[in-house]
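Data block below; observations after.
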Amino acid sequence: MRLYVALTALLATAVGVGVLFFANSVLSPVLIGGPGSTCPEPDCGLGAGLWLIAGAVAVVLVAFLAGFLRHVERPIRRGLWIALWCTVIYLLESIVVWVLI
């Protein structure tokens, strides 16, 4: 049962993070050169992209490992809850990265 939780969390988090990463890549020209930007250079976009990629990989691995933590009766529901919270964490990370840049 724990494998079902882990696989559900892994796949759902990968989908959620993929959608957020695509949204970040589409919005990056607006976010980099916007008013009040502290770093309008392309290097800042590259730095933000690297942080977002590293965060995406880390949060997907955390979701997969969190699926093995405890035994539950409803594995799919538990996996989706883990994926939801890991995707929210990635969203917060992307907001922090863009605010700092």
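We name chains A, B, ... following the order of the structure tokens; residues begin at 1 in each chain, and ligands are numbered from 1 as shown.
Near segment 66-80 of chain A, within 6 Å and counting only C-alpha atoms, sit Arg2, Tyr4, Val5, Ala6, Thr8, Ala9, Val62, Ala63 and Ala83 of chain A; same-chain residues fewer than 3 positions away were not included.
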Exercise. Chain A: which residues are helix (DSSP H, G or I) by DSSP, as a PyMOL selection string?
Worked result: chain A and resi 2-32+42-66+75-100
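Comparing the minimum interatomic distances between Trp85 of chain A and each of A:Val59, A:Ala54, A:Leu65, A:Val97, counting only C-alpha atoms, we find that A:Val59 sits nearest.
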For this session: Skip Leu27 of chain A itself and residues of its chain fewer than 4 positions away, then list as a VMD selection string all residues within 12 Å of it, counting only C-alpha atoms.
Result: chain A and resid 20 to 23 31 to 34 45 48 to 49 94 to 95 98
